[in-house]
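J.: To be precise about what I am sending: the file is called final-v1.cif and holds mmCIF, C-alpha atoms.
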```cif
data_run
#
loop_
_atom_site.label_atom_id
_atom_site.label_comp_id
_atom_site.auth_asym_id
_atom_site.auth_seq_id
_atom_site.Cartn_x
_atom_site.Cartn_y
_atom_site.Cartn_z
CA MET A 1 43.24 170.77 104.66
CA THR A 2 44.27 174.23 103.48
CA ALA A 3 43.03 175.68 100.21
CA SER A 4 45.61 177.38 98.04
CA ALA A 5 45.36 181.19 98.10
CA ASP A 6 46.09 181.39 94.36
CA PRO A 7 45.26 177.97 92.89
CA ARG A 8 45.72 179.01 89.25
CA SER A 9 49.39 179.76 89.86
CA LEU A 10 49.92 176.11 90.83
CA LEU A 11 48.41 174.57 87.72
CA THR A 12 51.29 175.05 85.28
CA PRO A 13 53.87 173.57 87.70
CA LEU A 14 51.50 170.71 88.51
CA GLY A 15 51.14 170.01 84.79
CA GLN A 16 54.91 169.99 84.47
CA ALA A 17 55.15 167.55 87.37
CA ILE A 18 52.70 165.22 85.60
CA ALA A 19 54.63 165.51 82.32
CA GLU A 20 57.86 164.62 84.13
CA GLY A 21 56.26 161.64 85.87
CA ARG A 22 56.48 163.14 89.36
CA LEU A 23 52.72 163.48 89.95
CA ILE A 24 50.02 160.92 89.21
CA PRO A 25 46.75 162.07 87.60
CA PHE A 26 43.64 160.52 89.20
CA LEU A 27 40.70 161.00 86.83
CA GLY A 28 37.00 161.05 87.66
CA PRO A 29 33.79 161.17 85.60
CA ASP A 30 33.27 164.94 85.89
CA LEU A 31 36.15 165.27 83.43
CA LEU A 32 33.89 163.91 80.68
CA GLU A 33 31.66 166.98 80.92
CA THR A 34 34.40 169.31 79.65
CA GLY A 35 34.02 168.40 75.98
CA GLU A 36 32.15 170.51 73.42
CA ALA A 37 29.69 167.71 72.58
CA GLU A 38 27.19 166.26 75.03
CA CYS A 39 28.66 163.29 76.90
CA PRO A 40 26.86 160.05 75.91
CA VAL A 41 27.50 158.28 79.24
CA PRO A 42 26.58 159.13 82.85
CA THR A 43 29.16 161.28 84.63
CA SER A 44 28.31 160.50 88.25
CA THR A 45 27.12 157.64 90.43
CA ARG A 46 23.78 159.45 90.66
CA GLY A 47 23.51 159.72 86.88
CA LEU A 48 24.38 156.05 86.45
CA VAL A 49 21.86 154.79 89.00
CA GLU A 50 19.16 156.90 87.33
CA ARG A 51 19.94 155.22 84.00
CA LEU A 52 19.87 151.75 85.57
CA THR A 53 16.66 152.23 87.52
CA ALA A 54 14.93 153.74 84.51
CA ARG A 55 15.32 150.31 82.90
CA VAL A 56 14.65 148.13 85.95
CA GLY A 57 12.55 149.27 88.89
CA VAL A 58 14.08 149.03 92.37
CA PRO A 59 12.64 149.83 95.83
CA GLY A 60 12.47 153.54 96.60
CA ARG A 61 14.67 153.26 99.70
CA ILE A 62 17.70 152.22 97.60
CA ARG A 63 16.95 154.05 94.36
CA GLY A 64 19.61 156.69 94.98
CA ASN A 65 22.33 154.19 95.91
CA LEU A 66 24.19 152.88 92.86
CA TRP A 67 25.77 149.85 94.48
CA ALA A 68 22.59 148.68 96.25
CA SER A 69 20.42 149.27 93.19
CA ALA A 70 22.85 147.29 91.02
CA GLN A 71 22.74 144.49 93.60
CA TYR A 72 18.95 144.44 93.49
CA ILE A 73 19.01 144.14 89.70
CA GLU A 74 21.60 141.40 89.91
CA THR A 75 19.65 139.47 92.55
CA TYR A 76 16.18 139.72 91.04
CA ARG A 77 16.94 139.98 87.32
CA HIS A 78 20.24 138.01 87.17
CA ARG A 79 23.82 139.13 86.65
CA THR A 80 23.50 138.95 82.88
CA THR A 81 20.83 141.66 82.98
CA LEU A 82 23.09 143.97 85.00
CA VAL A 83 26.05 143.38 82.67
CA LYS A 84 23.85 143.97 79.62
CA LEU A 85 22.57 147.25 81.04
CA MET A 86 26.06 148.48 81.95
CA THR A 87 27.35 147.51 78.51
CA GLU A 88 24.53 149.39 76.79
CA ILE A 89 25.01 152.47 78.96
CA PHE A 90 28.78 152.66 78.33
CA LYS A 91 28.92 151.26 74.78
CA GLU A 92 29.48 154.70 73.25
CA THR A 93 32.88 156.23 73.99
CA PRO A 94 32.82 159.91 74.97
CA PRO A 95 34.85 162.26 72.75
CA VAL A 96 38.55 162.33 73.59
CA GLY A 97 39.29 165.70 75.15
CA PRO A 98 42.46 167.82 75.26
CA LEU A 99 43.52 166.45 78.66
CA HIS A 100 43.11 162.83 77.53
CA ARG A 101 45.15 163.51 74.37
CA TRP A 102 47.83 165.28 76.37
CA LEU A 103 48.13 162.46 78.91
CA ALA A 104 48.31 159.84 76.16
CA GLY A 105 51.18 161.75 74.57
CA LEU A 106 53.36 161.75 77.71
CA SER A 107 55.91 158.97 77.36
CA GLY A 108 57.39 159.75 80.77
CA LEU A 109 54.17 159.30 82.75
CA PRO A 110 54.26 155.91 84.51
CA LEU A 111 50.72 155.75 85.90
CA ILE A 112 47.24 157.16 85.38
CA VAL A 113 44.33 156.23 87.65
CA ASP A 114 40.94 156.41 85.91
CA SER A 115 38.06 155.81 88.30
CA TRP A 116 35.15 155.61 85.84
CA TYR A 117 33.98 152.84 83.51
CA ASP A 118 34.25 154.59 80.12
CA ALA A 119 36.85 153.89 77.43
CA THR A 120 37.82 157.50 76.66
CA LEU A 121 41.39 157.26 77.89
CA SER A 122 42.11 153.90 76.25
CA GLU A 123 40.77 155.42 73.00
CA ALA A 124 43.24 158.29 73.42
CA PHE A 125 46.09 155.80 73.77
CA LYS A 126 45.37 154.10 70.44
CA GLY A 127 48.48 154.39 68.28
CA ARG A 128 50.81 153.61 71.19
CA SER A 129 51.94 150.06 71.90
CA ASP A 130 53.96 150.66 75.07
CA TRP A 131 51.07 150.91 77.53
CA GLY A 132 48.48 148.64 79.09
CA GLN A 133 45.55 148.56 81.45
CA VAL A 134 45.15 146.87 84.82
CA GLN A 135 41.58 146.78 86.01
CA ALA A 136 39.50 145.41 88.82
CA ALA A 137 37.98 142.00 88.08
CA SER A 138 34.50 140.86 88.97
CA ARG A 139 34.36 137.44 90.63
CA HIS A 140 31.24 136.37 88.74
CA GLY A 141 31.85 133.27 86.66
CA LEU A 142 35.33 132.71 88.08
CA ALA A 143 36.17 129.71 90.26
CA GLU A 144 39.27 131.30 91.79
CA VAL A 145 39.71 134.56 93.68
CA VAL A 146 40.89 137.10 91.11
CA PHE A 147 41.07 140.80 91.97
CA LEU A 148 42.81 142.15 88.87
CA ARG A 149 43.07 141.63 85.12
CA ALA A 150 45.76 143.00 82.81
CA ILE A 151 45.01 144.12 79.25
CA SER A 152 47.64 144.85 76.60
CA ALA A 153 47.50 147.83 74.24
CA ALA A 154 46.03 145.45 71.66
CA GLY A 155 43.06 144.74 73.94
CA VAL A 156 44.17 141.20 74.81
CA GLU A 157 44.23 139.85 78.36
CA VAL A 158 47.81 139.10 79.46
CA PRO A 159 49.50 137.97 82.71
CA LEU A 160 49.67 140.65 85.41
CA ASP A 161 53.47 140.64 85.40
CA ALA A 162 53.39 141.99 81.83
CA ALA A 163 52.68 145.41 83.33
CA ALA A 164 56.31 145.71 84.42
CA ALA A 165 57.32 146.35 80.79
CA TRP A 166 54.77 149.10 80.07
CA LYS A 167 55.85 152.73 79.91
CA THR A 168 52.42 153.84 81.09
CA LEU A 169 49.99 151.84 83.20
CA LEU A 170 46.33 152.80 83.07
CA TYR A 171 44.71 151.63 86.31
CA LYS A 172 40.91 151.23 86.39
CA PRO A 173 40.06 150.43 90.04
CA HIS A 174 36.33 149.87 89.40
CA GLY A 175 36.70 147.93 86.16
CA ALA A 176 36.08 149.06 82.58
CA ILE A 177 33.86 148.69 79.56
CA TRP A 178 36.93 148.19 77.31
CA PRO A 179 37.65 145.51 76.26
CA LEU A 180 35.99 142.93 78.53
CA ALA A 181 32.95 144.78 79.93
CA ASP A 182 34.13 143.63 83.35
CA MET A 183 32.99 146.19 85.92
CA LEU A 184 32.49 146.34 89.68
CA VAL A 185 29.12 147.92 90.38
CA SER A 186 26.98 145.75 92.69
CA ASP A 187 27.51 145.32 96.42
CA SER A 188 28.54 141.69 95.88
CA ASP A 189 31.23 142.81 93.42
CA TYR A 190 32.93 144.69 96.23
CA VAL A 191 32.51 142.22 99.13
CA GLU A 192 35.83 140.37 98.83
CA ALA A 193 37.72 143.40 97.52
CA LEU A 194 36.72 145.47 100.55
CA THR A 195 37.68 142.60 102.86
CA GLU A 196 41.18 142.61 101.38
CA ILE A 197 41.68 146.23 100.43
CA ASP A 198 43.13 147.36 103.75
CA ILE A 199 46.06 144.99 103.22
CA GLN A 200 46.24 146.22 99.61
CA THR A 201 45.63 142.91 97.85
CA PRO A 202 43.30 144.44 95.21
CA ILE A 203 45.76 147.28 94.48
CA PRO A 204 48.20 146.35 91.67
CA LEU A 205 51.79 145.96 92.83
CA PRO A 206 53.13 148.41 90.18
CA VAL A 207 50.68 151.03 91.49
CA GLN A 208 51.97 150.48 95.02
CA GLU A 209 55.56 150.85 93.84
CA ILE A 210 55.00 153.95 91.69
CA ARG A 211 52.99 155.87 94.31
CA ALA A 212 55.68 155.37 96.98
CA THR A 213 57.65 158.34 95.63
CA ARG A 214 54.81 160.45 94.20
CA GLY A 215 51.65 162.38 94.96
CA PHE A 216 48.29 162.54 93.18
CA LEU A 217 46.28 165.22 91.40
CA PHE A 218 42.53 164.51 91.34
CA LEU A 219 40.77 165.78 88.22
CA GLY A 220 37.01 165.50 87.80
CA CYS A 221 36.54 163.55 91.04
CA ARG A 222 34.05 164.06 93.85
CA PHE A 223 34.21 162.32 97.22
CA HIS A 224 30.60 162.42 98.44
CA ASP A 225 30.18 158.65 97.92
CA GLN A 226 31.62 156.32 100.55
CA MET A 227 32.74 153.67 98.05
CA LEU A 228 34.69 156.22 96.03
CA ARG A 229 36.31 157.56 99.22
CA ILE A 230 37.33 154.05 100.30
CA TYR A 231 39.05 153.34 97.02
CA ALA A 232 40.75 156.72 96.76
CA ARG A 233 41.99 156.37 100.35
CA GLN A 234 43.48 152.94 99.68
CA ILE A 235 45.07 153.96 96.37
CA LEU A 236 46.76 156.89 98.14
CA LYS A 237 47.89 154.70 101.02
CA ARG A 238 51.66 154.91 101.66
CA SER A 239 52.11 157.39 98.82
CA ALA A 240 54.67 160.17 99.22
CA GLY A 241 52.43 163.14 98.40
CA PRO A 242 51.76 165.98 98.15
CA HIS A 243 48.19 165.62 96.88
CA TYR A 244 45.89 168.12 95.16
CA ALA A 245 42.31 168.07 93.89
CA LEU A 246 40.50 170.36 91.46
CA LEU A 247 37.07 170.82 93.02
CA PRO A 248 34.01 173.08 93.10
CA GLU A 249 33.42 175.00 96.30
CA ASP A 250 30.15 173.26 97.27
CA LEU A 251 31.86 170.41 99.14
CA THR A 252 29.95 168.24 101.59
CA ARG A 253 31.08 167.67 105.18
CA ASN A 254 32.21 164.16 104.24
CA GLU A 255 34.30 165.54 101.41
CA LEU A 256 35.90 168.16 103.65
CA ARG A 257 36.75 165.53 106.26
CA PHE A 258 38.19 163.27 103.57
CA LEU A 259 40.43 166.01 102.18
CA ASP A 260 41.63 166.85 105.68
CA GLU A 261 42.27 163.20 106.57
CA LEU A 262 44.45 162.61 103.49
CA SER A 263 46.10 166.06 103.44
CA ILE A 264 44.71 166.83 99.98
CA THR A 265 44.95 170.50 99.01
CA PRO A 266 41.77 171.63 97.23
CA LEU A 267 42.16 173.90 94.22
CA PHE A 268 38.89 175.71 93.57
CA VAL A 269 39.24 176.17 89.82
CA ASP A 270 36.78 174.85 87.24
CA LEU A 271 38.08 172.24 84.82
CA GLU A 272 37.54 174.38 81.72
CA THR A 273 39.86 177.01 83.17
CA ALA A 274 42.34 174.58 84.67
CA ILE A 275 42.99 172.19 81.78
CA PRO A 276 44.69 174.71 79.42
CA LEU A 277 46.96 175.80 82.29
CA LEU A 278 47.82 172.21 83.15
CA ILE A 279 48.66 171.16 79.61
CA GLY A 280 50.27 174.41 78.60
CA GLY A 281 47.89 175.14 75.78
#
```
Taking this structure as input, can you express it in the form of structure tokens?

T.:
Amino acid sequence: MTASADPRSLLTPLGQAIAEGRLIPFLGPDLLETGEAECPVPTSTRGLVERLTARVGVPGRIRGNLWASAQYIETYRHRTTLVKLMTEIFKETPPVGPLHRWLAGLSGLPLIVDSWYDATLSEAFKGRSDWGQVQAASRHGLAEVVFLRAISAAGVEVPLDAAAAWKTLLYKPHGAIWPLADMLVSDSDYVEALTEIDIQTPIPLPVQEIRATRGFLFLGCRFHDQMLRIYARQILKRSAGPHYALLPEDLTRNELRFLDELSITPLFVDLETAIPLLIGG
């Protein structure tokens, strides 16, 4: 891992690469904090687990672990309670920001990865009919093994092969509030997905095909949580690169190792400064 000596000089060309479909944006929850209004949803795993455990008490030893705390709620208060809490927490859509609007206006961008549960990006895409969403599927209530669900621009579930006709695919690897409130959050949600993820079964085939000739730019993502690192690693698997990440300088050892392992170049520029350079505005 080598940090760029002048990261700001890279942002305009990276934005051009995204606009031309040569670089895939990978969005994280920190991006939601760049708006002028206060964000109505949590913007980190820590913030989300605090919201959940404020409603349902969990043992102190797991209180800081989102996935374990969600599992405790699911086990002792039933799955419906967990789904209700997640739906209430994410029911309000954060304001669509300049980056979301810009991405939604790029007809030549084949793929966006959005790693949080909110509906901000799908809101930005309203008005377009040539896109769709593929998201992770929770196994709860399903008799068969289903890892993915496809949603049309109209918010209707469609066969997965419909994604081949979309100009832009929005991939939500941890599920989404819109339109089905189907989200992976408890340990049991991830059990089968993690068993299969190394052979890429839970990764949509179009994502695998698109990444083969492209790199990724991480925006608003942190990698201090093991689950988030696992998914990012598998989504980047067999991609062409190069990869970049806009990050603060207070990285943990795990984050530094992760960046080095995947040859991700960190760009130490805050999002408020970076976004106008990326979008050319």

J.: Pick out the closest residue to A:Arg22 from this set: A:Leu109, A:Leu184, A:Ala124, A:Ile279. Count all atoms listed in the file.

T.: A:Leu109

J.: Please provide as a count of residues only all residues within 9 Å of stretch 91-104 of chain A, with the sequence filter that same-chain residues fewer than 4 positions apart are discarded (counting all atoms listed in the file).

T.: 34

J.: Convert the output of the PyMOL selection byres ((chain A and resi 250-258) around 10) on the shown file into explicit residues, formatted as a ChimeraX atom specification.

T.: /A:1,222-226,229-230,232-233,247-249,259-264,266,268

J.: Only C-alpha atoms, please: the residues just picked out, written as a CSV table (one decimal), in the coordinates of the input.

T.:
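Dumped everything to selection03.csv:
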```csv
chain,number,residue,atom,x,y,z
A,1,MET,CA,43.2,170.8,104.7
A,222,ARG,CA,34.0,164.1,93.8
A,223,PHE,CA,34.2,162.3,97.2
A,224,HIS,CA,30.6,162.4,98.4
A,225,ASP,CA,30.2,158.6,97.9
A,226,GLN,CA,31.6,156.3,100.6
A,229,ARG,CA,36.3,157.6,99.2
A,230,ILE,CA,37.3,154.0,100.3
A,232,ALA,CA,40.8,156.7,96.8
A,233,ARG,CA,42.0,156.4,100.4
A,247,LEU,CA,37.1,170.8,93.0
A,248,PRO,CA,34.0,173.1,93.1
A,249,GLU,CA,33.4,175.0,96.3
A,259,LEU,CA,40.4,166.0,102.2
A,260,ASP,CA,41.6,166.8,105.7
A,261,GLU,CA,42.3,163.2,106.6
A,262,LEU,CA,44.4,162.6,103.5
A,263,SER,CA,46.1,166.1,103.4
A,264,ILE,CA,44.7,166.8,100.0
A,266,PRO,CA,41.8,171.6,97.2
A,268,PHE,CA,38.9,175.7,93.6
```

J.: For the provided coordinates, the residues matched by the PyMOL selection byres ((chain A and resi 159-163) around 10) should be stated as a PyMOL selection string.

T.: chain A and resi 130-134+148-152+157-158+164-170+204-206

J.: Between atom CA of A:Asp270 and atom CA of A:His243, what is the spacing in Å?

T.: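 Computed distance, atom CA of A:His243 to atom CA of A:Asp270, equals 17.6 Å.
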
J.: Can I get the residues of stretch 169-209 of chain A within 12 Å of stretch 52-75 of chain A, each with the closest pair of atoms and their distance in Å to one decimal, using all atoms listed in the file, sorted chain first then ascending number, as CSV?

T.:
```
residue,atom,partner,partner_atom,distance
A:His174,CA,A:Trp67,CA,11.7
A:Met183,CA,A:Ala70,CA,11.4
A:Leu184,CA,A:Trp67,CA,9.0
A:Val185,CA,A:Trp67,CA,5.6
A:Ser186,CA,A:Gln71,CA,4.5
A:Asp187,CA,A:Trp67,CA,5.2
A:Ser188,CA,A:Gln71,CA,6.8
A:Asp189,CA,A:Gln71,CA,8.7
A:Tyr190,CA,A:Trp67,CA,9.0
A:Val191,CA,A:Trp67,CA,11.2
```

J.: Filtering to C-alpha atoms, could you give me those residues as an mmCIF file, keeping the file's coordinate frame?

T.:
```cif
data_model
loop_
_atom_site.group_PDB
_atom_site.id
_atom_site.type_symbol
_atom_site.label_atom_id
_atom_site.label_comp_id
_atom_site.auth_asym_id
_atom_site.auth_seq_id
_atom_site.Cartn_x
_atom_site.Cartn_y
_atom_site.Cartn_z
ATOM 1 C CA HIS A 174 36.330 149.870 89.400
ATOM 2 C CA MET A 183 32.990 146.190 85.920
ATOM 3 C CA LEU A 184 32.490 146.340 89.680
ATOM 4 C CA VAL A 185 29.120 147.920 90.380
ATOM 5 C CA SER A 186 26.980 145.750 92.690
ATOM 6 C CA ASP A 187 27.510 145.320 96.420
ATOM 7 C CA SER A 188 28.540 141.690 95.880
ATOM 8 C CA ASP A 189 31.230 142.810 93.420
ATOM 9 C CA TYR A 190 32.930 144.690 96.230
ATOM 10 C CA VAL A 191 32.510 142.220 99.130
#
```

J.: Using all atoms listed in the file, which protein or nucleic acid residues come within 9 Å of A:Arg238? Drop anything in the same chain fewer than 3 positions from it, and give the result as a PyMOL selection string.

T.: chain A and resi 208+211-212+234-235+241

J.: Hey, can you check how far atom CA of A:Leu277 sits from atom CA of A:Ser115?

T.: 22.7 Å

J.: Would you mind reading off the distance between atom CA of A:Leu23 and atom CA of A:Arg214, one decimal, in Å?

T.: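 Result for atom CA of A:Leu23 versus atom CA of A:Arg214: 5.6 Å, one decimal.
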
J.: Return the padded bounding box of stretch 230-248 of chain A as JSON: axis-aligned, built from all atoms listed in the file, 4 Å added on each side, with centre and edge lengths in Å to one decimal.

T.:
```
{"center_x": 44.3, "center_y": 163.0, "center_z": 96.6, "size_x": 28.7, "size_y": 28.1, "size_z": 18.2}
```

J.: So which one's closest to A:Trp116, A:Cys221, A:Glu33, A:Val49, A:Ile210? Using only C-alpha atoms, please.

T.: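 For A:Trp116, the nearest of the given residues is A:Cys221.
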
J.: Evaluate the PyMOL selection byres ((chain A and resi 43) around 7) on the structure here and hand back the selected residues as a ChimeraX atom specification.

T.: /A:29-30,32,41-42,44,47
